[in-house]
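Have a look at entry-v7.pdb below; it lists PDB, C-alpha atoms and all ligand atoms.
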```pdb
ATOM      1  CA  MET D   1      42.337 -49.896-150.682
ATOM      2  CA  LYS D   2      45.788 -48.320-150.791
ATOM      3  CA  LYS D   3      44.741 -46.372-153.906
ATOM      4  CA  GLN D   4      41.627 -45.136-152.131
ATOM      5  CA  ILE D   5      43.636 -43.927-149.158
ATOM      6  CA  ILE D   6      46.021 -42.079-151.464
ATOM      7  CA  MET D   7      43.061 -40.546-153.282
ATOM      8  CA  ILE D   8      41.433 -39.402-150.017
ATOM      9  CA  PHE D   9      44.750 -37.963-148.854
ATOM     10  CA  PHE D  10      45.100 -36.129-152.178
ATOM     11  CA  LEU D  11      41.586 -34.656-151.901
ATOM     12  CA  PHE D  12      42.340 -33.616-148.322
ATOM     13  CA  LEU D  13      45.451 -31.767-149.513
ATOM     14  CA  VAL D  14      43.466 -29.984-152.219
ATOM     15  CA  ALA D  15      40.814 -28.971-149.682
ATOM     16  CA  CYS D  16      43.444 -27.612-147.268
ATOM     17  CA  ASN D  17      45.061 -25.716-150.060
ATOM     18  CA  ASN D  18      41.773 -24.123-151.020
ATOM     19  CA  GLN D  19      41.274 -22.954-147.474
ATOM     20  CA  THR D  20      44.660 -21.400-147.009
ATOM     21  CA  ASP D  21      45.663 -20.207-150.426
ATOM     22  CA  GLN D  22      43.971 -17.375-152.087
ATOM     23  CA  THR D  23      44.898 -15.938-155.395
ATOM     24  CA  VAL D  24      44.271 -12.291-154.626
ATOM     25  CA  PHE D  25      46.125 -10.398-151.931
ATOM     26  CA  GLY D  26      47.214  -6.806-151.540
ATOM     27  CA  LEU D  27      46.371  -3.528-149.906
ATOM     28  CA  VAL D  28      44.823  -0.115-150.367
ATOM     29  CA  ILE D  29      45.879   2.993-148.438
ATOM     30  CA  HIS D  30      44.924   6.613-147.950
ATOM     31  CA  GLY D  31      46.852   9.595-146.681
ATOM     32  CA  GLY D  32      43.906  11.887-146.097
ATOM     33  CA  ALA D  33      41.330  13.760-148.140
ATOM     34  CA  GLY D  34      41.091  17.521-148.556
ATOM     35  CA  THR D  35      41.939  20.431-150.804
ATOM     36  CA  ILE D  36      44.492  18.455-152.769
ATOM     37  CA  THR D  37      44.756  19.948-156.268
ATOM     38  CA  LYS D  38      47.406  20.032-158.941
ATOM     39  CA  GLU D  39      47.446  23.862-158.696
ATOM     40  CA  ASN D  40      48.240  23.769-154.969
ATOM     41  CA  MET D  41      50.959  21.194-155.394
ATOM     42  CA  THR D  42      54.643  21.878-156.083
ATOM     43  CA  PRO D  43      56.531  19.203-158.057
ATOM     44  CA  GLU D  44      58.764  18.578-155.012
ATOM     45  CA  LYS D  45      55.795  18.064-152.735
ATOM     46  CA  GLU D  46      54.097  15.784-155.241
ATOM     47  CA  THR D  47      57.236  13.653-155.522
ATOM     48  CA  ALA D  48      57.585  13.487-151.747
ATOM     49  CA  TYR D  49      54.001  12.190-151.414
ATOM     50  CA  ILE D  50      54.421   9.688-154.254
ATOM     51  CA  ASN D  51      57.647   8.369-152.734
ATOM     52  CA  LYS D  52      56.232   7.991-149.244
ATOM     53  CA  LEU D  53      52.980   6.377-150.392
ATOM     54  CA  THR D  54      55.015   4.012-152.598
ATOM     55  CA  GLU D  55      57.265   3.090-149.665
ATOM     56  CA  ALA D  56      54.206   2.416-147.499
ATOM     57  CA  LEU D  57      52.505   0.265-150.149
ATOM     58  CA  LYS D  58      55.669  -1.744-150.790
ATOM     59  CA  LYS D  59      56.182  -2.343-147.081
ATOM     60  CA  GLY D  60      52.709  -3.831-146.700
ATOM     61  CA  TYR D  61      52.829  -5.716-149.977
ATOM     62  CA  ASN D  62      56.107  -7.445-149.105
ATOM     63  CA  ILE D  63      54.673  -8.637-145.805
ATOM     64  CA  LEU D  64      51.619 -10.067-147.581
ATOM     65  CA  ASP D  65      53.727 -11.563-150.360
ATOM     66  CA  LYS D  66      55.798 -13.499-147.818
ATOM     67  CA  GLY D  67      52.592 -14.931-146.346
ATOM     68  CA  GLY D  68      52.338 -12.413-143.489
ATOM     69  CA  SER D  69      48.982 -11.451-142.005
ATOM     70  CA  SER D  70      46.822  -8.541-143.108
ATOM     71  CA  LEU D  71      47.089  -7.181-139.539
ATOM     72  CA  ASP D  72      50.893  -7.070-139.747
ATOM     73  CA  ALA D  73      50.639  -5.385-143.145
ATOM     74  CA  VAL D  74      48.184  -2.747-141.892
ATOM     75  CA  GLU D  75      50.288  -1.923-138.827
ATOM     76  CA  ALA D  76      53.608  -1.717-140.699
ATOM     77  CA  THR D  77      52.140   0.312-143.570
ATOM     78  CA  ILE D  78      50.509   2.830-141.255
ATOM     79  CA  LYS D  79      53.718   3.147-139.206
ATOM     80  CA  ILE D  80      55.589   4.312-142.310
ATOM     81  CA  MET D  81      53.033   7.103-142.757
ATOM     82  CA  GLU D  82      52.935   7.933-139.031
ATOM     83  CA  ASP D  83      56.705   8.434-139.064
ATOM     84  CA  SER D  84      56.482  10.852-141.994
ATOM     85  CA  PRO D  85      55.754  14.567-141.354
ATOM     86  CA  LEU D  86      53.769  14.642-144.609
ATOM     87  CA  PHE D  87      50.688  13.150-142.989
ATOM     88  CA  ASN D  88      48.418  14.146-140.147
ATOM     89  CA  ALA D  89      49.273  11.061-138.098
ATOM     90  CA  GLY D  90      52.182  10.457-135.723
ATOM     91  CA  LYS D  91      54.922  12.982-136.605
ATOM     92  CA  GLY D  92      53.209  15.860-138.386
ATOM     93  CA  ALA D  93      49.926  15.510-136.504
ATOM     94  CA  VAL D  94      47.800  18.651-136.434
ATOM     95  CA  PHE D  95      47.563  20.887-133.370
ATOM     96  CA  THR D  96      44.642  21.185-131.012
ATOM     97  CA  GLY D  97      43.377  24.690-130.256
ATOM     98  CA  ALA D  98      45.397  24.446-127.037
ATOM     99  CA  GLY D  99      48.652  24.002-128.995
ATOM    100  CA  THR D 100      49.165  20.325-128.166
ATOM    101  CA  ASN D 101      48.937  17.171-130.273
ATOM    102  CA  GLU D 102      46.453  14.439-129.411
ATOM    103  CA  LEU D 103      46.394  11.324-131.539
ATOM    104  CA  ASP D 104      43.731   8.707-132.307
ATOM    105  CA  ALA D 105      44.094   5.289-133.973
ATOM    106  CA  SER D 106      42.327   1.976-134.381
ATOM    107  CA  ILE D 107      42.788  -1.425-135.967
ATOM    108  CA  MET D 108      40.383  -4.292-136.690
ATOM    109  CA  ASP D 109      40.819  -7.920-137.639
ATOM    110  CA  GLY D 110      38.205  -8.990-140.206
ATOM    111  CA  ASN D 111      38.693 -12.653-139.371
ATOM    112  CA  THR D 112      38.006 -12.589-135.622
ATOM    113  CA  LEU D 113      36.210  -9.203-135.426
ATOM    114  CA  GLN D 114      38.653  -8.277-132.665
ATOM    115  CA  ALA D 115      39.491  -4.583-132.538
ATOM    116  CA  GLY D 116      41.658  -2.158-130.603
ATOM    117  CA  ALA D 117      41.936   1.617-130.421
ATOM    118  CA  VAL D 118      43.513   4.537-128.579
ATOM    119  CA  ALA D 119      42.184   8.076-128.342
ATOM    120  CA  GLY D 120      43.833  11.315-127.298
ATOM    121  CA  VAL D 121      47.301   9.850-126.759
ATOM    122  CA  LYS D 122      50.107  12.375-126.431
ATOM    123  CA  THR D 123      53.339  10.410-126.120
ATOM    124  CA  VAL D 124      52.986   7.223-128.177
ATOM    125  CA  LYS D 125      55.207   7.473-131.251
ATOM    126  CA  ASN D 126      53.071   5.014-133.230
ATOM    127  CA  PRO D 127      49.458   5.075-132.090
ATOM    128  CA  ILE D 128      48.548   2.257-134.523
ATOM    129  CA  SER D 129      50.830  -0.099-132.559
ATOM    130  CA  ALA D 130      49.195   0.983-129.311
ATOM    131  CA  ALA D 131      45.793   0.222-130.865
ATOM    132  CA  ARG D 132      46.990  -3.252-131.760
ATOM    133  CA  LYS D 133      48.288  -3.805-128.226
ATOM    134  CA  VAL D 134      44.883  -2.832-126.834
ATOM    135  CA  MET D 135      43.347  -5.434-129.143
ATOM    136  CA  GLU D 136      45.788  -8.200-128.307
ATOM    137  CA  GLU D 137      46.796  -7.538-124.712
ATOM    138  CA  THR D 138      43.616  -6.301-123.041
ATOM    139  CA  TRP D 139      39.955  -7.270-122.969
ATOM    140  CA  HIS D 140      38.963  -3.748-124.008
ATOM    141  CA  VAL D 141      38.476  -2.115-127.384
ATOM    142  CA  LEU D 142      39.313   1.528-126.648
ATOM    143  CA  LEU D 143      41.702   3.176-124.192
ATOM    144  CA  ALA D 144      41.830   6.965-123.946
ATOM    145  CA  GLY D 145      44.056   9.739-122.590
ATOM    146  CA  THR D 146      46.696   9.262-119.920
ATOM    147  CA  GLY D 147      45.624   5.662-119.283
ATOM    148  CA  ALA D 148      46.282   4.832-122.918
ATOM    149  CA  ASP D 149      49.689   6.554-122.837
ATOM    150  CA  ALA D 150      50.632   4.681-119.660
ATOM    151  CA  PHE D 151      49.475   1.365-121.134
ATOM    152  CA  ALA D 152      51.584   1.911-124.277
ATOM    153  CA  LYS D 153      54.645   2.624-122.148
ATOM    154  CA  GLU D 154      53.996  -0.463-120.059
ATOM    155  CA  GLN D 155      53.832  -2.495-123.273
ATOM    156  CA  GLY D 156      57.314  -1.304-124.241
ATOM    157  CA  LEU D 157      56.252   0.839-127.201
ATOM    158  CA  ASP D 158      58.349   3.865-128.232
ATOM    159  CA  ILE D 159      57.461   6.906-126.123
ATOM    160  CA  VAL D 160      58.300  10.453-127.224
ATOM    161  CA  PRO D 161      57.722  13.920-125.760
ATOM    162  CA  ASN D 162      54.640  15.675-127.177
ATOM    163  CA  VAL D 163      56.827  18.162-129.130
ATOM    164  CA  TYR D 164      58.092  15.255-131.273
ATOM    165  CA  PHE D 165      54.827  15.366-133.256
ATOM    166  CA  GLN D 166      55.033  19.077-133.988
ATOM    167  CA  THR D 167      56.071  20.499-137.346
ATOM    168  CA  GLU D 168      56.247  24.096-138.496
ATOM    169  CA  GLU D 169      53.775  23.491-141.301
ATOM    170  CA  ARG D 170      51.096  22.201-138.927
ATOM    171  CA  PHE D 171      51.744  25.094-136.558
ATOM    172  CA  LYS D 172      51.118  27.542-139.408
ATOM    173  CA  SER D 173      47.879  25.654-140.166
ATOM    174  CA  LEU D 174      46.809  26.164-136.553
ATOM    175  CA  MET D 175      47.514  29.877-136.788
ATOM    176  CA  LYS D 176      45.504  30.077-140.013
ATOM    177  CA  ALA D 177      42.691  28.023-138.528
ATOM    178  CA  LYS D 178      42.514  30.281-135.510
ATOM    179  CA  GLU D 179      41.901  33.230-137.819
ATOM    180  CA  LYS D 180      39.419  31.402-139.998
ATOM    181  CA  GLU D 181      38.122  27.884-139.454
ATOM    182  CA  ALA D 182      40.377  26.325-142.091
ATOM    183  CA  GLU D 183      40.309  22.568-142.510
ATOM    184  CA  LYS D 184      43.223  20.238-142.806
ATOM    185  CA  HIS D 185      42.919  16.561-143.537
ATOM    186  CA  GLY D 186      45.811  14.109-143.792
ATOM    187  CA  THR D 187      44.779  11.128-141.732
ATOM    188  CA  VAL D 188      46.257   7.787-142.832
ATOM    189  CA  GLY D 189      44.577   4.434-143.300
ATOM    190  CA  CYS D 190      45.092   0.991-144.737
ATOM    191  CA  VAL D 191      43.005  -2.054-145.645
ATOM    192  CA  ALA D 192      44.890  -5.270-146.397
ATOM    193  CA  LEU D 193      43.919  -8.713-147.647
ATOM    194  CA  ASP D 194      46.332 -11.557-146.972
ATOM    195  CA  LYS D 195      46.927 -14.884-148.682
ATOM    196  CA  LYS D 196      44.605 -16.624-146.234
ATOM    197  CA  GLY D 197      41.778 -14.355-147.358
ATOM    198  CA  ASN D 198      41.700 -12.351-144.113
ATOM    199  CA  LEU D 199      40.923  -8.641-144.211
ATOM    200  CA  ALA D 200      42.221  -6.079-141.714
ATOM    201  CA  ALA D 201      41.823  -2.315-141.529
ATOM    202  CA  GLY D 202      43.455   0.497-139.570
ATOM    203  CA  THR D 203      43.362   4.278-139.290
ATOM    204  CA  SER D 204      45.613   6.810-137.534
ATOM    205  CA  THR D 205      45.252  10.569-137.164
ATOM    206  CA  GLY D 206      46.050  13.736-135.307
ATOM    207  CA  GLY D 207      42.402  14.729-135.784
ATOM    208  CA  LEU D 208      41.271  18.136-137.000
ATOM    209  CA  THR D 209      43.340  21.324-136.742
ATOM    210  CA  ASN D 210      42.213  23.584-133.901
ATOM    211  CA  LYS D 211      39.996  20.879-132.398
ATOM    212  CA  MET D 212      39.049  21.296-128.764
ATOM    213  CA  TRP D 213      41.469  19.502-126.476
ATOM    214  CA  GLY D 214      39.869  16.238-125.433
ATOM    215  CA  ARG D 215      37.944  15.983-128.710
ATOM    216  CA  VAL D 216      37.878  12.458-130.118
ATOM    217  CA  GLY D 217      37.155  11.890-133.805
ATOM    218  CA  ASP D 218      35.960   8.916-135.815
ATOM    219  CA  SER D 219      39.369   7.317-136.396
ATOM    220  CA  PRO D 220      39.481   5.362-133.109
ATOM    221  CA  ILE D 221      35.779   4.512-133.258
ATOM    222  CA  ILE D 222      35.154   1.050-134.669
ATOM    223  CA  GLY D 223      32.278   1.279-137.148
ATOM    224  CA  ALA D 224      32.834   5.006-137.759
ATOM    225  CA  GLY D 225      36.416   5.454-139.037
ATOM    226  CA  THR D 226      37.512   1.817-139.216
ATOM    227  CA  TYR D 227      35.802  -1.520-139.794
ATOM    228  CA  ALA D 228      36.764  -4.993-141.050
ATOM    229  CA  ASN D 229      34.789  -8.167-141.508
ATOM    230  CA  ASN D 230      35.818 -11.010-143.819
ATOM    231  CA  GLU D 231      32.145 -11.484-144.719
ATOM    232  CA  THR D 232      31.908  -8.040-146.267
ATOM    233  CA  CYS D 233      34.883  -5.663-146.417
ATOM    234  CA  GLY D 234      37.570  -3.637-144.684
ATOM    235  CA  VAL D 235      37.177   0.145-144.451
ATOM    236  CA  SER D 236      39.201   3.170-143.363
ATOM    237  CA  GLY D 237      37.804   6.696-143.533
ATOM    238  CA  THR D 238      39.127  10.223-143.573
ATOM    239  CA  GLY D 239      37.201  13.445-143.262
ATOM    240  CA  GLN D 240      35.175  15.414-140.741
ATOM    241  CA  GLY D 241      34.991  12.846-137.977
ATOM    242  CA  GLU D 242      31.778  14.123-136.418
ATOM    243  CA  TYR D 243      29.894  13.199-139.608
ATOM    244  CA  TYR D 244      31.574   9.798-139.708
ATOM    245  CA  ILE D 245      30.582   9.043-136.129
ATOM    246  CA  ARG D 246      26.981  10.173-136.601
ATOM    247  CA  GLY D 247      26.721   8.210-139.859
ATOM    248  CA  SER D 248      28.491   5.031-138.629
ATOM    249  CA  VAL D 249      30.186   5.382-141.992
ATOM    250  CA  ALA D 250      32.595   2.441-141.989
ATOM    251  CA  TYR D 251      29.982   0.002-140.713
ATOM    252  CA  ASP D 252      27.368   1.413-143.085
ATOM    253  CA  ILE D 253      29.448   0.200-146.041
ATOM    254  CA  ALA D 254      29.672  -3.320-144.607
ATOM    255  CA  ALA D 255      25.966  -3.275-143.694
ATOM    256  CA  GLN D 256      24.889  -2.277-147.185
ATOM    257  CA  MET D 257      26.960  -5.131-148.590
ATOM    258  CA  GLU D 258      25.508  -7.581-146.101
ATOM    259  CA  TYR D 259      21.852  -6.566-146.130
ATOM    260  CA  GLN D 260      21.436  -5.128-149.590
ATOM    261  CA  GLN D 261      23.961  -7.284-151.434
ATOM    262  CA  LYS D 262      25.675  -4.182-152.811
ATOM    263  CA  THR D 263      29.170  -4.376-154.252
ATOM    264  CA  VAL D 264      31.936  -2.687-152.298
ATOM    265  CA  GLN D 265      32.015   0.116-154.885
ATOM    266  CA  GLU D 266      28.247   0.713-154.692
ATOM    267  CA  ALA D 267      28.214   0.670-150.897
ATOM    268  CA  ALA D 268      31.233   2.968-150.540
ATOM    269  CA  GLN D 269      29.869   5.460-153.065
ATOM    270  CA  SER D 270      26.520   5.432-151.284
ATOM    271  CA  VAL D 271      28.052   6.502-147.927
ATOM    272  CA  ILE D 272      29.960   9.304-149.635
ATOM    273  CA  ASP D 273      26.706  10.449-151.275
ATOM    274  CA  LYS D 274      25.031  10.456-147.842
ATOM    275  CA  LEU D 275      28.002  12.383-146.423
ATOM    276  CA  THR D 276      27.605  14.992-149.162
ATOM    277  CA  ASN D 277      23.856  15.277-148.526
ATOM    278  CA  ARG D 278      24.497  15.829-144.823
ATOM    279  CA  GLY D 279      27.053  18.565-145.557
ATOM    280  CA  GLY D 280      30.166  16.612-144.554
ATOM    281  CA  THR D 281      33.436  16.177-146.440
ATOM    282  CA  GLY D 282      35.876  13.299-146.740
ATOM    283  CA  GLY D 283      36.524   9.948-148.327
ATOM    284  CA  VAL D 284      36.908   6.239-147.649
ATOM    285  CA  ILE D 285      38.982   3.323-148.840
ATOM    286  CA  ALA D 286      37.342  -0.109-148.852
ATOM    287  CA  MET D 287      38.227  -3.584-150.083
ATOM    288  CA  ASP D 288      36.310  -6.851-150.142
ATOM    289  CA  ARG D 289      37.633 -10.386-149.802
ATOM    290  CA  LYS D 290      38.083 -10.736-153.547
ATOM    291  CA  GLY D 291      40.337  -7.695-153.715
ATOM    292  CA  ASN D 292      37.716  -5.360-155.202
ATOM    293  CA  ILE D 293      38.626  -1.825-154.184
ATOM    294  CA  ALA D 294      36.697   1.436-153.806
ATOM    295  CA  THR D 295      38.205   4.854-152.972
ATOM    296  CA  PRO D 296      35.407   7.455-153.293
ATOM    297  CA  PHE D 297      35.649  10.966-151.798
ATOM    298  CA  ASN D 298      33.798  14.264-152.133
ATOM    299  CA  THR D 299      36.766  16.597-151.520
ATOM    300  CA  LYS D 300      39.041  18.029-154.220
ATOM    301  CA  GLY D 301      41.481  15.184-153.721
ATOM    302  CA  MET D 302      42.570  12.289-151.550
ATOM    303  CA  TYR D 303      46.050  10.782-151.262
ATOM    304  CA  ARG D 304      45.495   7.127-152.061
ATOM    305  CA  GLY D 305      47.108   4.064-153.558
ATOM    306  CA  TYR D 306      46.756   0.330-153.978
ATOM    307  CA  TYR D 307      48.901  -2.650-154.820
ATOM    308  CA  LEU D 308      47.414  -6.071-155.556
ATOM    309  CA  ASN D 309      49.315  -9.118-156.721
ATOM    310  CA  GLY D 310      49.312  -9.328-160.477
ATOM    311  CA  GLY D 311      48.558  -5.588-160.665
ATOM    312  CA  GLU D 312      50.579  -2.412-160.724
ATOM    313  CA  LEU D 313      51.408  -0.262-157.727
ATOM    314  CA  THR D 314      49.153   2.754-158.207
ATOM    315  CA  ILE D 315      49.249   6.160-156.483
ATOM    316  CA  LEU D 316      46.572   8.820-157.030
ATOM    317  CA  MET D 317      45.929  12.221-155.440
ATOM    318  CA  TYR D 318      43.536  14.269-157.496
ATOM    319  CA  LYS D 319      40.070  13.697-158.910
ATOM    320  CA  GLU D 320      40.395  11.572-162.018
TER     321      GLU D 320
HETATM  322  N1  LIG W 401      38.663  11.911-139.521
HETATM  323  C1  LIG W 401      39.664  12.596-138.780
HETATM  324  C2  LIG W 401      39.026  13.185-137.527
HETATM  325  O1  LIG W 401      37.942  13.724-137.618
HETATM  326  C3  LIG W 401      40.344  13.694-139.514
HETATM  327  C4  LIG W 401      40.710  13.422-140.950
HETATM  328  O2  LIG W 401      40.453  12.343-141.466
HETATM  329  O3  LIG W 401      41.308  14.308-141.560
HETATM  330  O4  LIG W 401      39.646  13.159-136.503
END
```

When written as structure tokens, how does the structure in this file appear?
Ligand code: ASP
Amino acid sequence: MKKQIIMIFFLFLVACNNQTDQTVFGLVIHGGAGTITKENMTPEKETAYINKLTEALKKGYNILDKGGSSLDAVEATIKIMEDSPLFNAGKGAVFTGAGTNELDASIMDGNTLQAGAVAGVKTVKNPISAARKVMEETWHVLLAGTGADAFAKEQGLDIVPNVYFQTEERFKSLMKAKEKEAEKHGTVGCVALDKKGNLAAGTSTGGLTNKMWGRVGDSPIIGAGTYANNETCGVSGTGQGEYYIRGSVAYDIAAQMEYQQKTVQEAAQSVIDKLTNRGGTGGVIAMDRKGNIATPFNTKGMYRGYYLNGGELTILMYKE
């Protein structure tokens, strides 16, 4: 009898372990898609991007390695990129046609399907954290404009004046765009898988250069720029948001996996093919629960990287 009890207890422990311990964990990030070519890149700029993307990947990886949640990893990783002027998110966000900066962000938990987002915020230093607060502290999914800024302040998040986001480089892009509708990508995103097997995804952006004030892109729209579901995958997109909204791009990847049993690579490539056929540009990062990763894009390049346990930290920018 005693032996049987010990045996049952042992089996129980094994079962618990199976539920909570997963062999694969890690994350995949992007720093925007666009005209990113070796010819346009100076060695200094290339190094700066590699260093920042490496820092972001390591930040998220360390959280996951210590047993932290994929949500914590996504938020912390995106914050590193938001705080860097290299990316079109947080500091370094692009300008609206009116000369201001309006930021969008969203986050989704693949385990509970909870999600949070902010659109058109002007004073929140880290919009990704505001998105998470919307998810965890309200019964809503998306807060926009002054209400979202006020909510972030109320939640004790860092508040900055709108000029904080402005950089000379982005201002020059606005001037160029006003002459000729030039495009500038540089949105940031992250999909993480933690040791419990939970996926999370997040995206943060300043939007498109010279956008109309009040314009909201795909990044804060769950199902368009961001999606996560443990049953299928986590996704973050970057590109011309209007196409992503009309195509429900992030959800389309999950749907193709769910209804057509496609792999994450097949599904992600298929949405980029559709994007191309519809005349849109951009890319996506996606990861399933087994740590399979896809990073397709139809632009010249996309800042991207991944770091899975047992694998090497990898940063890529150009077409391979
Ligand atoms: N998707 C973003 C938007 O349309 C921009 C980008 O990814 O570059 O707001």

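With distances restricted to only C-alpha atoms, D:Val249 is the closest residue to Leu275 in chain D from D:Leu103, D:Met108, D:Val249, D:Ala255.
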
Q: Check which residues fall inside 8 Å of ligand LIG 401 (chain W) when counting all atoms listed in the file, and print them as a list in words.
A: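 These are the residues that qualify: Gly32, Ala33, Gly34, Asn88, Asp104, Lys184, His185, Gly186, Thr187, Val188, Thr205, Gly206, Gly207, Leu208, Val216, Gly217, Asp218, Ser219, Gly225, Gly237, Thr238, Gly239, Gln240, Gly241, Glu242, Tyr244 and Gly282 of chain D.
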
(Q) Expand the PyMOL selection byres (((chain D and resi 318) around 12) and not hetatm) into the explicit residue set it covers here, and present it as a list in words. (A)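 Residues picked by the PyMOL selection byres (((chain D and resi 318) around 12) and not hetatm): Gly32, Ala33, Gly34, Thr35, Ile36, Thr37, Lys38, Glu39, Asn40, Met41, Glu46, Thr295, Pro296, Phe297, Asn298, Thr299, Lys300, Gly301, Met302, Tyr303, Arg304, Gly305, Ile315, Leu316, Met317, Lys319 and Glu320 of chain D.
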
**Q.** Point-to-point distance from CA of Glu82 in chain D to CA of Asn126 in chain D, Å rounded to tenths
**A.**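 Computing it gives 6.5 Å between the two atoms.
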
**Q.** the PyMOL selection byres (((chain D and resi 153-163) around 9) and not hetatm) applied to the shown file, residues as a ChimeraX atom specification
**A.** /D:100-102,122-126,129-130,133,137,148-152,164-167

Q) From the set D:Ile221, D:Trp213, D:Leu53, D:Thr112, which residue has the shortest atom-to-atom contact distance to Ala131 in chain D, counting all atoms listed in the file? A)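 Looking at the shortest contact to Ala131 in chain D, the residue is D:Ile221.
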
Q) Using only C-alpha atoms, can you list as a count of residues only the residues within 12 Å of (38.0, -9.3, -124.6)? A) 14

Near range 65-73 of chain D, within 9 Å and counting only C-alpha atoms, which residues show up once chain neighbours fewer than 4 positions away are dropped, as an mmCIF file with C-alpha atoms, in the coordinates of the input?
```cif
data_model
loop_
_atom_site.group_PDB
_atom_site.id
_atom_site.type_symbol
_atom_site.label_atom_id
_atom_site.label_comp_id
_atom_site.auth_asym_id
_atom_site.auth_seq_id
_atom_site.Cartn_x
_atom_site.Cartn_y
_atom_site.Cartn_z
ATOM 1 C CA PHE D 25 46.125 -10.398 -151.931
ATOM 2 C CA GLY D 26 47.214 -6.806 -151.540
ATOM 3 C CA LEU D 27 46.371 -3.528 -149.906
ATOM 4 C CA LYS D 59 56.182 -2.343 -147.081
ATOM 5 C CA GLY D 60 52.709 -3.831 -146.700
ATOM 6 C CA TYR D 61 52.829 -5.716 -149.977
ATOM 7 C CA THR D 77 52.140 0.312 -143.570
ATOM 8 C CA ILE D 78 50.509 2.830 -141.255
ATOM 9 C CA ILE D 107 42.788 -1.425 -135.967
ATOM 10 C CA MET D 108 40.383 -4.292 -136.690
ATOM 11 C CA ASP D 109 40.819 -7.920 -137.639
ATOM 12 C CA ARG D 132 46.990 -3.252 -131.760
ATOM 13 C CA CYS D 190 45.092 0.991 -144.737
ATOM 14 C CA VAL D 191 43.005 -2.054 -145.645
ATOM 15 C CA ALA D 192 44.890 -5.270 -146.397
ATOM 16 C CA LEU D 193 43.919 -8.713 -147.647
ATOM 17 C CA ASP D 194 46.332 -11.557 -146.972
ATOM 18 C CA LYS D 195 46.927 -14.884 -148.682
ATOM 19 C CA LYS D 196 44.605 -16.624 -146.234
ATOM 20 C CA GLY D 197 41.778 -14.355 -147.358
ATOM 21 C CA ASN D 198 41.700 -12.351 -144.113
ATOM 22 C CA LEU D 199 40.923 -8.641 -144.211
ATOM 23 C CA ALA D 200 42.221 -6.079 -141.714
ATOM 24 C CA ALA D 201 41.823 -2.315 -141.529
ATOM 25 C CA GLY D 202 43.455 0.497 -139.570
ATOM 26 C CA ASN D 309 49.315 -9.118 -156.721
#
```

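In this structure, CA of Asn210 in chain D sits 28.2 Å away from CA of Val74 in chain D.
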
Q.
What does the structure give for the distance between CA of Gly99 in chain D and CA of Thr226 in chain D, in Å to one decimal?
A.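 CA of Gly99 in chain D sits 26.8 Å away from CA of Thr226 in chain D.
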
Q) Taking only C-alpha atoms into account, which of D:Ala250, D:Met257, D:Leu143, D:Leu308 comes nearest Gly283 in chain D? A)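 Nearest to Gly283 in chain D: D:Ala250.
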